[in-house]
Amino acid sequence: MKILDGKKTAKIKEEELLKRVKSFSVPPQLAIILVGEREDSKTYVKQKIKTSERLGIKTHVFSFDEKIKQEELIKKIEELNLNKEISGIIVQMPLPSKLNTRIILDKISPLKDVDGLTTLNQGKILTGDSGAFIPATARGIVSLITLSGISLEGKRVTVLGRSLLVGRPVALLAEKYGATIIQCHSRTKKLDELTRLADILVVAVGKPKFITIKHVKKGQVVVDVGITILQKKGQRVLIGDVDYEKVSKIVKAISPVPGGVGPMTVISLLENVCDAYEERCNT
Ligand code: NAP
């Protein structure tokens, strides 16, 4: 059984990016908007800052109370849109439910939408526009698969989940690479039949150990996107959507949690930041 090692693969990408950033006349700058006190969101932001620092990408974190008014948040985004030094803007998801996520995301300039979540960018992904920003997790998953020496061309890929953040863009991207897609969601019936049809199974559901031995077969590649943070004996543990211990005994290759898709997501976001920086320099 092969482990799809996200840590190792992200390091390879990091070395490439480091050279890229060094070739820039000034360091790219990323603005991160964080609303509220969610521990998971704070952890993800910290990881983004840490990796950015290693690469020489400057980050600016704007933290707001969860009671912030929508107009105030929009004002900040508009200010960042106009700031020529900022190459990328991300709003850490999820936002508190009283805020309208769609309205807020769509205020981000399409040129700085490095999370790829604006309506315009999602449309570009759908039409196969080469200028689209691919949401970081989807870009990271495809990089993890291909850099592990696994081709997507002609493969049957079953994706569990259809969110704009993960499920949908990863399905579209894998299809672009020549895969045939089966997309599943909470209303899908006979899920285990569809998961077993896959050559490559991508699981982004958000339910710990949801995928068990009945969902998989020999020879498959399994990519576990899910992260659930639990407290065990006073310690924080990250649990994936796949029952790793059991499933890894059957399949050909599997990504662990942690150390699989997570590090790939961070590095892919920073790839998008570099793309945005270069795009701006070339326009
Ligand atoms: P989400 O927006 O909650 O979407 C979950 C998806 O799973 C939905 O499309 C839902 O279907 C589907 N689903 C729910 N129950 C299902 C079932 N029984 N069978 C099949 N599909 C089912 O979550 P997300 O943002 O896509 O994230 C998914 C997971 O990935 C979470 O654990 C998240 O923390 C993790 N994540 C990890 C990274 C990383 O870097 N590793 C990055 C982003 C997200 P419906 O559409 O029908 O509701």
# chains A, B, ... in the order shown; residues from 1 in each chain; ligands from 1
$ residues_around --residues "Leu82 (chain A)" --least-positions-apart "6" --cutoff "12 Å" --atoms "only C-alpha atoms" --output "number ranges by chain"
A: 75-76, 88-89, 107-109, 111-112
$ residues_near_ligand --ligand "ligand 1" --cutoff "6 Å" --atoms "only C-alpha atoms and all ligand atoms" --output "mmCIF file with N, CA, C and O atoms, in the first residue's frame"
data_model
loop_
_atom_site.group_PDB
_atom_site.id
_atom_site.type_symbol
_atom_site.label_atom_id
_atom_site.label_comp_id
_atom_site.auth_asym_id
_atom_site.auth_seq_id
_atom_site.Cartn_x
_atom_site.Cartn_y
_atom_site.Cartn_z
ATOM 1 N N THR A 137 -7.921 23.599 -2.262
ATOM 2 C CA THR A 137 -8.003 22.178 -1.902
ATOM 3 C C THR A 137 -8.100 21.318 -3.167
ATOM 4 O O THR A 137 -7.436 20.278 -3.270
ATOM 5 N N LEU A 160 -17.067 12.289 -3.402
ATOM 6 C CA LEU A 160 -18.133 12.413 -2.395
ATOM 7 C C LEU A 160 -18.136 13.838 -1.904
ATOM 8 O O LEU A 160 -17.150 14.290 -1.317
ATOM 9 N N GLY A 161 -19.225 14.546 -2.148
ATOM 10 C CA GLY A 161 -19.325 15.961 -1.779
ATOM 11 C C GLY A 161 -19.476 16.800 -3.030
ATOM 12 O O GLY A 161 -18.950 16.446 -4.102
ATOM 13 N N ARG A 162 -20.237 17.901 -2.887
ATOM 14 C CA ARG A 162 -20.453 18.773 -4.051
ATOM 15 C C ARG A 162 -20.365 20.230 -3.636
ATOM 16 O O ARG A 162 -21.068 21.089 -4.178
ATOM 17 N N SER A 163 -19.545 20.525 -2.604
ATOM 18 C CA SER A 163 -19.422 21.918 -2.165
ATOM 19 C C SER A 163 -18.632 22.719 -3.192
ATOM 20 O O SER A 163 -17.841 22.165 -3.963
ATOM 21 N N LEU A 165 -16.361 24.679 -2.424
ATOM 22 C CA LEU A 165 -14.988 24.748 -1.926
ATOM 23 C C LEU A 165 -14.171 23.526 -2.361
ATOM 24 O O LEU A 165 -13.000 23.642 -2.717
ATOM 25 N N VAL A 166 -14.770 22.349 -2.343
ATOM 26 C CA VAL A 166 -14.004 21.129 -2.608
ATOM 27 C C VAL A 166 -14.645 20.246 -3.699
ATOM 28 O O VAL A 166 -14.074 20.057 -4.781
ATOM 29 N N GLY A 167 -15.811 19.689 -3.409
ATOM 30 C CA GLY A 167 -16.378 18.641 -4.268
ATOM 31 C C GLY A 167 -16.526 19.032 -5.731
ATOM 32 O O GLY A 167 -16.062 18.325 -6.629
ATOM 33 N N CYS A 184 -21.150 12.305 -5.917
ATOM 34 C CA CYS A 184 -22.142 11.854 -4.928
ATOM 35 C C CYS A 184 -22.364 12.928 -3.871
ATOM 36 O O CYS A 184 -21.508 13.782 -3.650
ATOM 37 N N HIS A 185 -23.512 12.862 -3.225
ATOM 38 C CA HIS A 185 -23.857 13.845 -2.186
ATOM 39 C C HIS A 185 -24.799 13.196 -1.196
ATOM 40 O O HIS A 185 -25.025 11.976 -1.245
ATOM 41 N N SER A 186 -25.399 14.012 -0.330
ATOM 42 C CA SER A 186 -26.178 13.437 0.776
ATOM 43 C C SER A 186 -27.436 12.701 0.305
ATOM 44 O O SER A 186 -28.003 11.915 1.050
ATOM 45 N N ARG A 187 -27.878 12.951 -0.925
ATOM 46 C CA ARG A 187 -29.086 12.278 -1.417
ATOM 47 C C ARG A 187 -28.764 11.052 -2.269
ATOM 48 O O ARG A 187 -29.658 10.410 -2.797
ATOM 49 N N ALA A 204 -14.930 14.050 0.475
ATOM 50 C CA ALA A 204 -14.984 15.377 1.114
ATOM 51 C C ALA A 204 -16.381 15.581 1.682
ATOM 52 O O ALA A 204 -17.192 16.324 1.141
ATOM 53 N N VAL A 205 -16.648 14.880 2.769
ATOM 54 C CA VAL A 205 -17.984 14.849 3.351
ATOM 55 C C VAL A 205 -18.018 15.564 4.705
ATOM 56 O O VAL A 205 -18.992 16.227 5.053
ATOM 57 N N GLY A 206 -16.946 15.403 5.480
ATOM 58 C CA GLY A 206 -16.899 16.020 6.809
ATOM 59 C C GLY A 206 -17.509 15.155 7.899
ATOM 60 O O GLY A 206 -17.998 15.671 8.896
ATOM 61 N N VAL A 225 -10.205 13.907 2.162
ATOM 62 C CA VAL A 225 -10.140 15.366 2.319
ATOM 63 C C VAL A 225 -10.642 15.794 3.699
ATOM 64 O O VAL A 225 -10.253 16.817 4.231
ATOM 65 N N GLY A 226 -11.505 14.997 4.269
ATOM 66 C CA GLY A 226 -12.218 15.379 5.493
ATOM 67 C C GLY A 226 -11.311 15.678 6.675
ATOM 68 O O GLY A 226 -10.266 15.032 6.864
ATOM 69 N N ILE A 227 -11.712 16.669 7.433
ATOM 70 C CA ILE A 227 -11.026 16.955 8.704
ATOM 71 C C ILE A 227 -12.088 17.226 9.755
ATOM 72 O O ILE A 227 -12.886 18.153 9.610
ATOM 73 N N THR A 228 -12.105 16.409 10.782
ATOM 74 C CA THR A 228 -12.949 16.699 11.943
ATOM 75 C C THR A 228 -12.007 16.791 13.136
ATOM 76 O O THR A 228 -11.170 15.904 13.326
ATOM 77 N N VAL A 261 -4.074 15.782 2.393
ATOM 78 C CA VAL A 261 -4.564 16.917 1.592
ATOM 79 C C VAL A 261 -4.270 18.270 2.274
ATOM 80 O O VAL A 261 -4.041 19.269 1.590
ATOM 81 N N GLY A 262 -4.255 18.288 3.621
ATOM 82 C CA GLY A 262 -4.065 19.552 4.345
ATOM 83 C C GLY A 262 -2.847 20.358 3.869
ATOM 84 O O GLY A 262 -3.003 21.505 3.424
ATOM 85 N N THR A 265 -3.238 21.768 0.436
ATOM 86 C CA THR A 265 -4.167 22.905 0.315
ATOM 87 C C THR A 265 -3.419 24.211 0.564
ATOM 88 O O THR A 265 -3.558 25.174 -0.189
#
$ closest_residue --among "A:Lys252, A:Lys233, A:Arg54, A:Lys176" --to "Leu18 (chain A)" --atoms "only C-alpha atoms"
A:Arg54
$ atom_distance --atom1 "CA of Leu117 (chain A)" --atom2 "CA of Leu172 (chain A)"
14.2 Å
$ residues_around --residues "Ser63 (chain A)" --least-positions-apart "4" --cutoff "7 Å" --atoms "only C-alpha atoms" --output "list of chain:residue names"
A:Ile33, A:Leu34, A:Val35
$ residues_around --residues "Ile150 (chain A)" --least-positions-apart "4" --cutoff "10 Å" --atoms "only C-alpha atoms" --output "ChimeraX atom specification"
/A:142-146,155,200,221,253
$ write_last_selection --atoms "N, CA and C atoms" --output "PDB file, in the first residue's frame"
ATOM      1  N   VAL A 142      -5.481  17.381  -6.780  1.00  0.00           N
ATOM      2  CA  VAL A 142      -5.032  16.920  -8.103  1.00  0.00           C
ATOM      3  C   VAL A 142      -3.500  16.872  -8.156  1.00  0.00           C
ATOM      4  N   SER A 143      -2.841  17.857  -7.537  1.00  0.00           N
ATOM      5  CA  SER A 143      -1.363  17.823  -7.503  1.00  0.00           C
ATOM      6  C   SER A 143      -0.881  16.601  -6.728  1.00  0.00           C
ATOM      7  N   LEU A 144      -1.550  16.305  -5.602  1.00  0.00           N
ATOM      8  CA  LEU A 144      -1.132  15.161  -4.778  1.00  0.00           C
ATOM      9  C   LEU A 144      -1.249  13.860  -5.592  1.00  0.00           C
ATOM     10  N   ILE A 145      -2.339  13.727  -6.331  1.00  0.00           N
ATOM     11  CA  ILE A 145      -2.537  12.513  -7.128  1.00  0.00           C
ATOM     12  C   ILE A 145      -1.475  12.423  -8.238  1.00  0.00           C
ATOM     13  N   THR A 146      -1.352  13.499  -9.006  1.00  0.00           N
ATOM     14  CA  THR A 146      -0.467  13.423 -10.174  1.00  0.00           C
ATOM     15  C   THR A 146       1.022  13.366  -9.763  1.00  0.00           C
ATOM     16  N   LYS A 155      -9.388   7.576 -16.095  1.00  0.00           N
ATOM     17  CA  LYS A 155      -9.760   6.926 -14.824  1.00  0.00           C
ATOM     18  C   LYS A 155     -11.198   7.280 -14.435  1.00  0.00           C
ATOM     19  N   ILE A 200     -10.319   6.014  -8.564  1.00  0.00           N
ATOM     20  CA  ILE A 200      -9.838   6.984  -7.570  1.00  0.00           C
ATOM     21  C   ILE A 200     -11.066   7.525  -6.824  1.00  0.00           C
ATOM     22  N   VAL A 221      -7.381   4.004  -5.427  1.00  0.00           N
ATOM     23  CA  VAL A 221      -6.642   5.095  -4.793  1.00  0.00           C
ATOM     24  C   VAL A 221      -7.677   5.912  -4.015  1.00  0.00           C
ATOM     25  N   ALA A 253      -3.568   2.757  -2.699  1.00  0.00           N
ATOM     26  CA  ALA A 253      -2.928   3.982  -2.188  1.00  0.00           C
ATOM     27  C   ALA A 253      -3.952   4.798  -1.429  1.00  0.00           C
TER      28      ALA A 253
END
$ closest_residue --among "A:His60, A:Arg280, A:Lys67, A:Arg20" --to "Ile90 (chain A)" --atoms "only C-alpha atoms"
A:His60
$ select_by_dssp --residues "region 61-258 of chain A" --states "strand (DSSP E or B)" --output "PyMOL selection string"
chain A and resi 61-64+88-91+156-160+180-184+200-203+211+221-224+228-232+235-239+242+253-254
$ atom_distance --atom1 "CA of Ile86 (chain A)" --atom2 "CA of Gln29 (chain A)"
4.9 Å
$ closest_residue --among "A:Ile229, A:Ala136, A:Ile68, A:Met1" --to "Arg38 (chain A)" --atoms "only C-alpha atoms"
A:Ile229
$ select_by_dssp --residues "region 25-120 of chain A" --states "helix (DSSP H, G or I)" --output "PyMOL selection string"
chain A and resi 39-55+70-82+101-105+110-112+119-120
$ residues_around --residues "Ala31 (chain A)" --least-positions-apart "4" --cutoff "12 Å" --atoms "only C-alpha atoms" --output "short mmCIF file (atom, residue, chain, number, x, y, z; two decimals) with N, CA and C atoms, in the first residue's frame"
data_model
loop_
_atom_site.label_atom_id
_atom_site.label_comp_id
_atom_site.auth_asym_id
_atom_site.auth_seq_id
_atom_site.Cartn_x
_atom_site.Cartn_y
_atom_site.Cartn_z
N VAL A 45 -5.60 29.40 9.54
CA VAL A 45 -4.95 30.69 9.24
C VAL A 45 -3.48 30.65 9.69
N LYS A 48 -1.39 28.85 7.21
CA LYS A 48 -1.16 29.66 6.00
C LYS A 48 -0.07 30.70 6.26
N ILE A 49 -0.10 31.30 7.45
CA ILE A 49 0.91 32.32 7.79
C ILE A 49 2.30 31.67 7.85
N SER A 52 3.59 30.76 4.44
CA SER A 52 3.88 32.01 3.71
C SER A 52 5.22 32.58 4.16
N ILE A 57 6.38 35.18 1.45
CA ILE A 57 5.12 35.86 1.08
C ILE A 57 4.62 36.58 2.33
N LYS A 58 4.30 37.86 2.17
CA LYS A 58 3.84 38.64 3.33
C LYS A 58 2.36 38.41 3.56
N THR A 59 1.97 38.20 4.83
CA THR A 59 0.54 38.04 5.11
C THR A 59 0.05 39.16 6.02
N HIS A 60 -1.19 39.53 5.81
CA HIS A 60 -1.84 40.52 6.68
C HIS A 60 -3.14 39.89 7.13
N VAL A 61 -3.29 39.70 8.43
CA VAL A 61 -4.53 39.10 8.93
C VAL A 61 -5.42 40.20 9.51
N PHE A 62 -6.66 40.24 9.04
CA PHE A 62 -7.64 41.19 9.57
C PHE A 62 -8.69 40.38 10.32
N SER A 63 -8.64 40.46 11.65
CA SER A 63 -9.57 39.68 12.48
C SER A 63 -10.73 40.55 12.93
N LYS A 76 -13.85 46.71 4.05
CA LYS A 76 -12.46 46.25 4.16
C LYS A 76 -12.03 45.55 2.86
N ILE A 77 -12.91 44.72 2.32
CA ILE A 77 -12.57 44.01 1.07
C ILE A 77 -12.34 45.03 -0.05
N GLU A 79 -11.40 48.07 0.20
CA GLU A 79 -10.14 48.79 0.47
C GLU A 79 -8.95 47.91 0.00
N LEU A 80 -9.03 46.61 0.30
CA LEU A 80 -7.95 45.70 -0.09
C LEU A 80 -7.90 45.51 -1.61
N ASN A 81 -9.06 45.54 -2.24
CA ASN A 81 -9.10 45.45 -3.71
C ASN A 81 -8.29 46.56 -4.35
N ASN A 83 -5.81 48.23 -2.93
CA ASN A 83 -4.41 48.28 -2.47
C ASN A 83 -3.51 47.51 -3.45
N LYS A 84 -2.68 48.27 -4.14
CA LYS A 84 -1.87 47.67 -5.21
C LYS A 84 -0.83 46.68 -4.70
N GLU A 85 -0.50 46.79 -3.42
CA GLU A 85 0.53 45.88 -2.87
C GLU A 85 -0.03 44.49 -2.57
N ILE A 86 -1.33 44.38 -2.46
CA ILE A 86 -1.95 43.10 -2.12
C ILE A 86 -2.26 42.32 -3.41
N SER A 87 -1.71 41.09 -3.47
CA SER A 87 -1.97 40.26 -4.67
C SER A 87 -3.17 39.37 -4.49
N GLY A 88 -3.41 38.93 -3.25
CA GLY A 88 -4.50 37.98 -3.03
C GLY A 88 -5.29 38.32 -1.78
N ILE A 89 -6.59 38.02 -1.84
CA ILE A 89 -7.46 38.24 -0.67
C ILE A 89 -8.24 36.95 -0.42
N ILE A 90 -8.21 36.48 0.83
CA ILE A 90 -9.09 35.35 1.15
C ILE A 90 -9.94 35.68 2.38
N VAL A 91 -11.15 35.15 2.36
CA VAL A 91 -12.01 35.25 3.53
C VAL A 91 -12.07 33.82 4.08
N GLN A 92 -11.58 33.64 5.31
CA GLN A 92 -11.54 32.29 5.88
C GLN A 92 -12.97 31.77 6.08
N ILE A 108 -14.85 40.41 -3.60
CA ILE A 108 -13.40 40.28 -3.82
C ILE A 108 -13.12 40.49 -5.31
N LYS A 112 -7.86 39.12 -7.55
CA LYS A 112 -7.22 38.80 -6.26
C LYS A 112 -7.90 37.62 -5.58
N ASP A 113 -8.81 36.95 -6.29
CA ASP A 113 -9.63 35.90 -5.69
C ASP A 113 -8.86 34.57 -5.64
N VAL A 114 -7.83 34.53 -4.79
CA VAL A 114 -6.92 33.37 -4.79
C VAL A 114 -7.53 32.10 -4.19
N ASP A 115 -8.68 32.23 -3.53
CA ASP A 115 -9.40 31.03 -3.07
C ASP A 115 -10.36 30.53 -4.15
N LEU A 270 -0.91 29.20 -1.89
CA LEU A 270 0.21 30.11 -2.11
C LEU A 270 0.68 30.09 -3.57
N VAL A 273 -1.51 32.55 -5.05
CA VAL A 273 -1.07 33.92 -4.74
C VAL A 273 0.04 34.33 -5.73
#
$ closest_residue --among "A:Gly234, A:Thr119, A:Val222, A:Val170" --to "Gly140 (chain A)" --atoms "only C-alpha atoms"
A:Val170
$ atom_distance --atom1 "CA of Ile141 (chain A)" --atom2 "CA of Leu194 (chain A)"
20.0 Å
$ residues_around --residues "Glu15 (chain A)" --least-positions-apart "6" --cutoff "12 Å" --atoms "only C-alpha atoms" --output "PDB file with N, CA, C and O atoms, in the first residue's frame"
ATOM      1  N   LYS A   8       5.314  15.487   2.184  1.00  0.00           N
ATOM      2  CA  LYS A   8       6.488  15.383   1.312  1.00  0.00           C
ATOM      3  C   LYS A   8       6.229  16.095  -0.024  1.00  0.00           C
ATOM      4  O   LYS A   8       7.071  16.843  -0.510  1.00  0.00           O
ATOM      5  N   THR A   9       5.061  15.870  -0.567  1.00  0.00           N
ATOM      6  CA  THR A   9       4.730  16.462  -1.872  1.00  0.00           C
ATOM      7  C   THR A   9       4.653  17.988  -1.750  1.00  0.00           C
ATOM      8  O   THR A   9       5.106  18.714  -2.649  1.00  0.00           O
ATOM      9  N   VAL A  21       9.215  32.821  -5.896  1.00  0.00           N
ATOM     10  CA  VAL A  21       9.069  34.048  -5.103  1.00  0.00           C
ATOM     11  C   VAL A  21      10.379  34.850  -5.132  1.00  0.00           C
ATOM     12  O   VAL A  21      10.366  36.077  -5.251  1.00  0.00           O
ATOM     13  N   LYS A  22      11.520  34.126  -5.077  1.00  0.00           N
ATOM     14  CA  LYS A  22      12.819  34.816  -5.088  1.00  0.00           C
ATOM     15  C   LYS A  22      13.020  35.594  -6.385  1.00  0.00           C
ATOM     16  O   LYS A  22      13.740  36.578  -6.428  1.00  0.00           O
ATOM     17  N   THR A  51       3.515  28.894   6.497  1.00  0.00           N
ATOM     18  CA  THR A  51       4.079  28.497   5.197  1.00  0.00           C
ATOM     19  C   THR A  51       4.432  29.739   4.367  1.00  0.00           C
ATOM     20  O   THR A  51       5.464  29.768   3.689  1.00  0.00           O
ATOM     21  N   ARG A  54       7.782  31.061   5.397  1.00  0.00           N
ATOM     22  CA  ARG A  54       8.923  30.279   4.870  1.00  0.00           C
ATOM     23  C   ARG A  54       9.216  30.648   3.416  1.00  0.00           C
ATOM     24  O   ARG A  54      10.331  30.583   2.952  1.00  0.00           O
ATOM     25  N   LEU A  55       8.147  31.044   2.706  1.00  0.00           N
ATOM     26  CA  LEU A  55       8.309  31.346   1.280  1.00  0.00           C
ATOM     27  C   LEU A  55       8.656  32.801   1.003  1.00  0.00           C
ATOM     28  O   LEU A  55       8.952  33.166  -0.137  1.00  0.00           O
ATOM     29  N   GLY A  56       8.544  33.646   2.039  1.00  0.00           N
ATOM     30  CA  GLY A  56       8.787  35.076   1.815  1.00  0.00           C
ATOM     31  C   GLY A  56       7.555  35.782   1.269  1.00  0.00           C
ATOM     32  O   GLY A  56       7.662  36.860   0.680  1.00  0.00           O
ATOM     33  N   ILE A 267      -0.186  24.900   0.352  1.00  0.00           N
ATOM     34  CA  ILE A 267       0.813  25.247  -0.667  1.00  0.00           C
ATOM     35  C   ILE A 267       0.126  25.652  -1.984  1.00  0.00           C
ATOM     36  O   ILE A 267       0.592  26.535  -2.702  1.00  0.00           O
ATOM     37  N   GLU A 271       0.447  28.987  -4.236  1.00  0.00           N
ATOM     38  CA  GLU A 271       0.680  28.946  -5.696  1.00  0.00           C
ATOM     39  C   GLU A 271      -0.274  29.925  -6.381  1.00  0.00           C
ATOM     40  O   GLU A 271       0.127  30.654  -7.289  1.00  0.00           O
TER      41      GLU A 271
END
$ closest_residue --among "A:Met93, A:Glu71, A:Glu14, A:Lys207" --to "Glu37 (chain A)" --atoms "only C-alpha atoms"
A:Met93
$ residues_around --residues "region 243-248 of chain A" --least-positions-apart "6" --cutoff "7 Å" --atoms "only C-alpha atoms" --output "PyMOL selection string"
chain A and resi 1+209-213+254
